[in-house]
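This is model.cif (mmCIF, C-alpha atoms).
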data_structure
loop_
_atom_site.label_atom_id
_atom_site.label_comp_id
_atom_site.auth_asym_id
_atom_site.auth_seq_id
_atom_site.Cartn_x
_atom_site.Cartn_y
_atom_site.Cartn_z
CA MET J 1 91.65 90.69 136.54
CA MET J 2 92.01 88.71 133.30
CA ALA J 3 88.24 88.81 132.72
CA LYS J 4 88.21 92.56 133.40
CA GLY J 5 91.10 93.04 130.95
CA ILE J 6 89.27 91.13 128.21
CA GLU J 7 86.09 93.12 128.89
CA ASP J 8 88.01 96.41 128.69
CA LEU J 9 89.64 95.34 125.39
CA GLN J 10 86.27 94.39 123.88
CA LEU J 11 84.78 97.70 125.00
CA SER J 12 87.75 99.58 123.52
CA GLN J 13 87.33 97.80 120.17
CA ALA J 14 83.60 98.51 120.13
CA THR J 15 83.90 102.21 120.97
CA ARG J 16 86.76 103.05 118.61
CA GLY J 17 84.85 101.57 115.68
CA VAL J 18 86.51 100.55 112.44
CA ARG J 19 89.39 102.51 110.94
CA VAL J 20 89.94 102.05 107.22
CA SER J 21 92.94 103.13 105.16
CA THR J 22 91.82 103.51 101.56
CA THR J 23 92.54 105.49 98.44
CA ASP J 24 90.77 108.80 97.92
CA SER J 25 89.03 107.62 94.77
CA PHE J 26 87.86 104.32 96.30
CA VAL J 27 86.22 105.92 99.33
CA SER J 28 84.61 108.64 97.20
CA VAL J 29 83.37 106.44 94.36
CA VAL J 30 82.65 103.10 96.04
CA ILE J 31 82.06 103.52 99.77
CA LEU J 32 80.51 106.94 100.48
CA PRO J 33 77.52 106.67 98.10
CA SER J 34 76.31 103.54 99.96
CA LEU J 35 77.60 104.20 103.48
CA GLY J 36 74.23 105.55 104.63
CA GLY J 37 72.73 102.11 104.08
CA PHE J 38 75.37 100.56 106.32
CA TRP J 39 74.69 103.07 109.08
CA LYS J 40 70.96 102.41 108.89
CA LEU J 41 71.73 98.77 109.70
CA HIS J 42 74.40 99.61 112.30
CA PRO J 43 73.70 103.16 113.56
CA THR J 44 76.09 102.97 116.51
CA LEU J 45 79.07 101.52 114.66
CA GLN J 46 81.60 104.23 113.89
CA VAL J 47 83.64 103.90 110.69
CA SER J 48 86.40 106.38 109.84
CA PHE J 49 88.50 106.64 106.70
CA SER J 50 92.02 107.80 105.96
CA PRO J 51 92.37 108.61 102.23
CA ASP J 52 95.91 107.44 101.50
CA ALA J 53 97.87 106.90 98.31
CA ASN J 54 97.74 103.41 96.88
CA THR J 55 101.49 103.11 97.47
CA VAL J 56 101.30 103.90 101.22
CA PRO J 57 102.49 100.83 103.21
CA ILE J 58 99.83 98.75 104.95
CA ASP J 59 99.60 99.73 108.64
CA LEU J 60 97.39 97.32 110.57
CA ASP J 61 98.56 98.71 113.90
CA ASN J 62 96.61 101.90 113.28
CA PHE J 63 93.93 100.58 110.91
CA GLU J 64 91.70 97.51 111.03
CA ILE J 65 91.27 97.35 107.24
CA ALA J 66 93.26 98.69 104.31
CA VAL J 67 91.95 98.87 100.76
CA ARG J 68 94.53 98.78 97.99
CA GLY J 69 94.70 98.09 94.28
CA GLY J 70 97.22 95.72 92.78
CA PRO J 71 97.74 92.90 90.29
CA ARG J 72 95.88 89.61 90.49
CA GLY J 73 97.23 87.40 93.25
CA GLN J 74 99.14 90.11 95.09
CA LYS J 75 100.06 89.23 98.67
CA TRP J 76 100.97 91.36 101.66
CA ASP J 77 103.20 89.74 104.28
CA GLY J 78 101.41 88.62 107.42
CA CYS J 79 97.98 89.71 106.14
CA GLN J 80 94.89 88.17 104.64
CA GLU J 81 93.66 89.63 101.36
CA ILE J 82 89.99 89.60 100.37
CA LEU J 83 89.31 90.35 96.70
CA LEU J 84 86.71 93.10 96.32
CA PHE J 85 86.43 93.62 92.56
CA GLU J 86 88.32 93.86 89.28
CA ALA J 87 88.07 96.75 86.84
CA PRO J 88 89.74 97.23 83.45
CA PHE J 89 91.92 100.27 82.86
CA ILE J 90 90.85 102.70 80.16
CA VAL J 91 92.35 105.86 78.66
CA CYS J 92 90.09 108.89 78.77
CA ALA J 93 90.20 112.66 78.37
CA THR J 94 88.00 115.71 78.11
CA PRO J 95 86.04 116.07 74.86
CA GLU J 96 87.78 119.40 74.26
CA LEU J 97 91.23 117.79 74.39
CA ILE J 98 90.30 115.06 71.92
CA GLY J 99 88.26 117.20 69.55
CA SER J 100 85.94 115.85 66.88
CA ASP J 101 88.57 114.30 64.62
CA THR J 102 90.65 111.18 65.15
CA VAL J 103 93.66 112.22 67.17
CA ASP J 104 97.14 110.74 67.49
CA LEU J 105 97.45 109.86 71.18
CA SER J 106 101.22 110.24 71.05
CA SER J 107 100.77 113.93 70.21
CA LEU J 108 98.93 114.64 73.48
CA PRO J 109 100.27 114.92 77.05
CA TRP J 110 99.71 111.94 79.34
CA ILE J 111 98.97 112.39 83.05
CA LYS J 112 101.03 109.88 85.00
CA ASP J 113 99.18 107.62 87.42
CA THR J 114 101.56 107.50 90.38
CA GLY J 115 99.48 104.88 92.19
CA ILE J 116 100.17 102.07 89.74
CA GLY J 117 103.93 102.31 89.42
CA GLY J 118 106.10 103.42 86.53
CA THR J 119 106.49 100.12 84.68
CA VAL J 120 102.74 99.41 84.63
CA PHE J 121 102.01 102.92 83.40
CA GLN J 122 104.59 102.46 80.65
CA ARG J 123 102.99 99.13 79.62
CA MET J 124 99.61 100.82 79.31
CA VAL J 125 101.05 103.64 77.21
CA ARG J 126 102.61 101.07 74.88
CA GLN J 127 99.33 99.13 74.63
CA ALA J 128 97.66 102.34 73.45
CA GLY J 129 100.23 102.52 70.64
CA CYS J 130 102.52 105.19 72.09
CA ASP J 131 106.16 105.28 73.13
CA PRO J 132 106.55 106.21 76.84
CA ASP J 133 110.04 107.54 76.11
CA THR J 134 108.86 110.14 73.61
CA ILE J 135 105.44 111.29 74.83
CA GLN J 136 105.00 114.27 77.13
CA ILE J 137 104.24 113.03 80.68
CA LEU J 138 102.72 115.27 83.35
CA ASP J 139 103.16 114.20 86.98
CA PRO J 140 100.91 116.28 89.30
CA GLY J 141 101.98 114.14 92.28
CA SER J 142 98.79 112.69 93.78
CA ALA J 143 95.72 110.78 92.62
CA LYS J 144 93.26 113.59 93.38
CA ILE J 145 95.33 116.20 91.57
CA GLU J 146 95.80 113.79 88.65
CA MET J 147 92.03 113.56 88.22
CA ASP J 148 91.60 117.32 88.64
CA ALA J 149 94.24 117.84 85.94
CA ALA J 150 92.46 115.42 83.62
CA LEU J 151 89.12 117.20 84.13
CA MET J 152 90.81 120.51 83.31
CA GLY J 153 91.95 119.06 79.99
CA TYR J 154 95.68 118.96 80.70
CA GLY J 155 96.18 115.47 79.30
CA LEU J 156 95.08 111.88 78.81
CA THR J 157 94.49 109.90 81.98
CA VAL J 158 94.59 106.16 82.64
CA SER J 159 92.08 104.95 85.22
CA PRO J 160 90.07 101.89 86.25
CA GLU J 161 86.78 102.31 84.38
CA LEU J 162 84.73 102.16 87.57
CA MET J 163 86.55 105.13 89.08
CA VAL J 164 85.57 107.47 86.21
CA ARG J 165 82.09 106.08 85.52
CA LYS J 166 80.42 109.22 86.90
CA GLN J 167 82.58 111.55 84.78
CA LEU J 168 81.90 109.43 81.70
CA SER J 169 78.14 109.49 82.28
CA GLN J 170 78.24 113.28 82.78
CA GLY J 171 80.31 113.76 79.62
CA SER J 172 83.15 115.56 81.39
CA LEU J 173 85.42 112.71 80.24
CA VAL J 174 85.17 110.43 77.21
CA LYS J 175 86.74 107.06 76.53
CA VAL J 176 89.71 107.23 74.20
CA TYR J 177 91.10 103.70 74.37
CA THR J 178 89.37 100.69 75.94
CA SER J 179 91.16 97.59 74.63
CA MET J 180 93.70 97.41 77.45
CA ASP J 181 94.18 93.98 79.00
CA ILE J 182 95.61 95.33 82.28
CA VAL J 183 93.13 95.06 85.13
CA ALA J 184 93.02 96.84 88.49
CA VAL J 185 92.24 94.43 91.32
CA TYR J 186 91.08 95.90 94.62
CA TYR J 187 91.62 94.08 97.91
CA ALA J 188 90.53 94.53 101.51
CA ILE J 189 93.57 93.72 103.65
CA CYS J 190 93.37 92.86 107.34
CA ARG J 191 95.02 90.74 110.00
CA LYS J 192 94.93 86.98 109.73
CA GLY J 193 92.67 85.11 112.12
CA PRO J 194 89.38 86.10 113.79
CA LEU J 195 88.42 89.78 113.55
CA ALA J 196 86.59 91.93 116.08
CA ALA J 197 82.83 91.86 115.49
CA PRO J 198 82.57 95.49 114.24
CA VAL J 199 85.43 94.90 111.80
CA GLN J 200 83.84 91.72 110.47
CA LEU J 201 80.48 93.47 110.06
CA PHE J 202 81.96 96.26 107.97
CA LEU J 203 84.16 93.87 105.97
CA ASP J 204 81.20 91.63 105.10
CA TRP J 205 79.20 94.68 104.01
CA LEU J 206 82.09 95.96 101.89
CA VAL J 207 82.54 92.59 100.15
CA ASP J 208 78.81 92.40 99.35
CA LEU J 209 78.84 96.01 98.11
CA CYS J 210 81.76 95.43 95.74
CA ALA J 211 80.78 91.99 94.41
CA PRO J 212 78.56 93.29 91.54
CA MET J 213 81.12 95.92 90.50
CA SER J 214 83.62 93.66 88.75
CA SER J 215 83.84 94.06 84.99
CA LYS J 216 86.00 92.62 82.23
CA PRO J 217 88.17 94.46 79.69
CA ASP J 218 86.41 95.57 76.51
CA SER J 219 87.26 93.03 73.81
CA SER J 220 86.17 95.28 70.97
#
Take the structure in this file and express it as structure tokens.
Amino acid sequence: MMAKGIEDLQLSQATRGVRVSTTDSFVSVVILPSLGGFWKLHPTLQVSFSPDANTVPIDLDNFEIAVRGGPRGQKWDGCQEILLFEAPFIVCATPELIGSDTVDLSSLPWIKDTGIGGTVFQRMVRQAGCDPDTIQILDPGSAKIEMDAALMGYGLTVSPELMVRKQLSQGSLVKVYTSMDIVAVYYAICRKGPLAAPVQLFLDWLVDLCAPMSSKPDSS
């Protein structure tokens, strides 16, 4: 009976695949463009994603892996954290919002990044030379809407450089301020101890995928 129970548990883990809680931007920018390569190597391994806000609590009862951004050295109780990559924050906006002349950033609206917390957002505003108590702050309420608002030209947005690389290359956003020393650190979070084979396979692939993505703040 014990052997049958273990066999049933292993079969259950194999058939349900790997469930990943991650932010909408991370799965769209980092995982999905390369996921086809993973499935070519492991065509029968199912991986499903739940795009959650970065502030959603870690739930390892319903997910095998959670991906979250945080400061260097952040810990989650009872979990193991695997560093995926670091990316500097930058301020960017649509070319139309900035215009061709040098613009005073304090005269423009700022789109609040709800995923990084109020005090960190305020620090970044100050680093860009503005007063968070006097600027106009727009709070659309979610990461996806924040980016949509930025692309529509409603205000300046603060984002890890990697997450807006496509928009920057297309010219829909331009860098406004790049000398910020605050870095976004992304972690894969899972249970401590040995992981089920499908979970370990996907985690190893994710770590290898993210390793070359780290970048340092612009010192210019």
* To do: Considering all atoms listed in the file, state which residue in the set J:Asp181, J:Glu96, J:Asp101, J:Asp133 is at the smallest distance from J:Pro71.
  =>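 The answer is J:Asp181, which sits nearest to J:Pro71.
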Could you tell me which residues the PyMOL selection byres ((chain J and resi 194-211) around 10) grabs in this file, written as a CSV table (one decimal) with C-alpha atoms, in the coordinates of the input?
chain,number,residue,atom,x,y,z
J,10,GLN,CA,86.3,94.4,123.9
J,13,GLN,CA,87.3,97.8,120.2
J,14,ALA,CA,83.6,98.5,120.1
J,15,THR,CA,83.9,102.2,121.0
J,16,ARG,CA,86.8,103.0,118.6
J,17,GLY,CA,84.8,101.6,115.7
J,18,VAL,CA,86.5,100.6,112.4
J,19,ARG,CA,89.4,102.5,110.9
J,20,VAL,CA,89.9,102.0,107.2
J,30,VAL,CA,82.6,103.1,96.0
J,31,ILE,CA,82.1,103.5,99.8
J,34,SER,CA,76.3,103.5,100.0
J,35,LEU,CA,77.6,104.2,103.5
J,37,GLY,CA,72.7,102.1,104.1
J,38,PHE,CA,75.4,100.6,106.3
J,42,HIS,CA,74.4,99.6,112.3
J,45,LEU,CA,79.1,101.5,114.7
J,46,GLN,CA,81.6,104.2,113.9
J,47,VAL,CA,83.6,103.9,110.7
J,64,GLU,CA,91.7,97.5,111.0
J,65,ILE,CA,91.3,97.4,107.2
J,82,ILE,CA,90.0,89.6,100.4
J,83,LEU,CA,89.3,90.4,96.7
J,84,LEU,CA,86.7,93.1,96.3
J,85,PHE,CA,86.4,93.6,92.6
J,86,GLU,CA,88.3,93.9,89.3
J,186,TYR,CA,91.1,95.9,94.6
J,187,TYR,CA,91.6,94.1,97.9
J,188,ALA,CA,90.5,94.5,101.5
J,189,ILE,CA,93.6,93.7,103.6
J,190,CYS,CA,93.4,92.9,107.3
J,191,ARG,CA,95.0,90.7,110.0
J,192,LYS,CA,94.9,87.0,109.7
J,193,GLY,CA,92.7,85.1,112.1
J,212,PRO,CA,78.6,93.3,91.5
J,213,MET,CA,81.1,95.9,90.5
J,214,SER,CA,83.6,93.7,88.8
* atom CA of J:Leu173 and atom CA of J:Ala87, how far apart in Å? ->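 Between atom CA of J:Ala87 and atom CA of J:Leu173 the gap works out to 17.5 Å.
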* To do: Measure the distance from atom CA of J:Ser159 to atom CA of J:Thr94 in Å and round it to one decimal.
  => 13.5 Å
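The point (99.6, 107.4, 80.6) has these residues within 7 Å of it, counting all atoms listed in the file: J:Trp110, J:Ile111, J:Lys112, J:Asp113, J:Phe121, J:Met124, J:Val125, J:Leu156, J:Thr157, J:Val158.
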* Using only C-alpha atoms, which of the listed residues (J:Pro57, J:Gly155, J:Pro51, J:Gly73) sits closest to J:Ser25? ->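 Of the candidates, the smallest distance to J:Ser25 is held by J:Pro51.
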* Asked: If you count only C-alpha atoms, which residues fall within 10 Å of J:Ser172, apart from same-chain ones fewer than 2 positions away, as number ranges by chain?
  -> J: 92-96, 150-153, 164, 166-170, 174
* To do: Would you mind listing what lies within 10 Å of J:Asp104 as a PyMOL selection string, with all atoms listed in the file counted and same-chain residues fewer than 3 positions away left out?
  => chain J and resi 98+101+107-108+129-130
* Minimum-distance residue to J:Thr22, chosen among J:Leu41, J:Ser215, J:Arg68, J:Asn62 (using all atoms listed in the file) ->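 Distance minimum relative to J:Thr22 lands on J:Arg68.
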* Could you work out how far atom CA of J:Lys144 lies from atom CA of J:Pro33, giving the answer in Å with one decimal? ->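 Atom-to-atom, atom CA of J:Pro33 and atom CA of J:Lys144 are spaced 17.8 Å apart.
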* So which residues are close to (100.5, 100.0, 90.9), meaning at most 12 Å away in the file's coordinates with only C-alpha atoms counted, and can you show them as a ChimeraX atom specification? -> /J:53-56,68-72,74,89,112-124,143,158-160,182-186
Which residues are close to J:Trp76, i.e. within 9 Å by all atoms listed in the file, leaving aside same-chain residues fewer than 3 positions away? Reply as a tab-separated table (two decimals) with C-alpha atoms, in the frame of the given file.
chain	number	residue	atom	x	y	z
J	58	ILE	CA	99.83	98.75	104.95
J	79	CYS	CA	97.98	89.71	106.14
J	80	GLN	CA	94.89	88.17	104.64
J	81	GLU	CA	93.66	89.63	101.36
J	189	ILE	CA	93.57	93.72	103.65
* Would you please work out which residue, of J:Val91, J:Val176, J:Leu60, J:Ala66, is nearest to J:Thr23 when using only C-alpha atoms? =>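 That would be J:Ala66, the residue with the smallest distance to J:Thr23.
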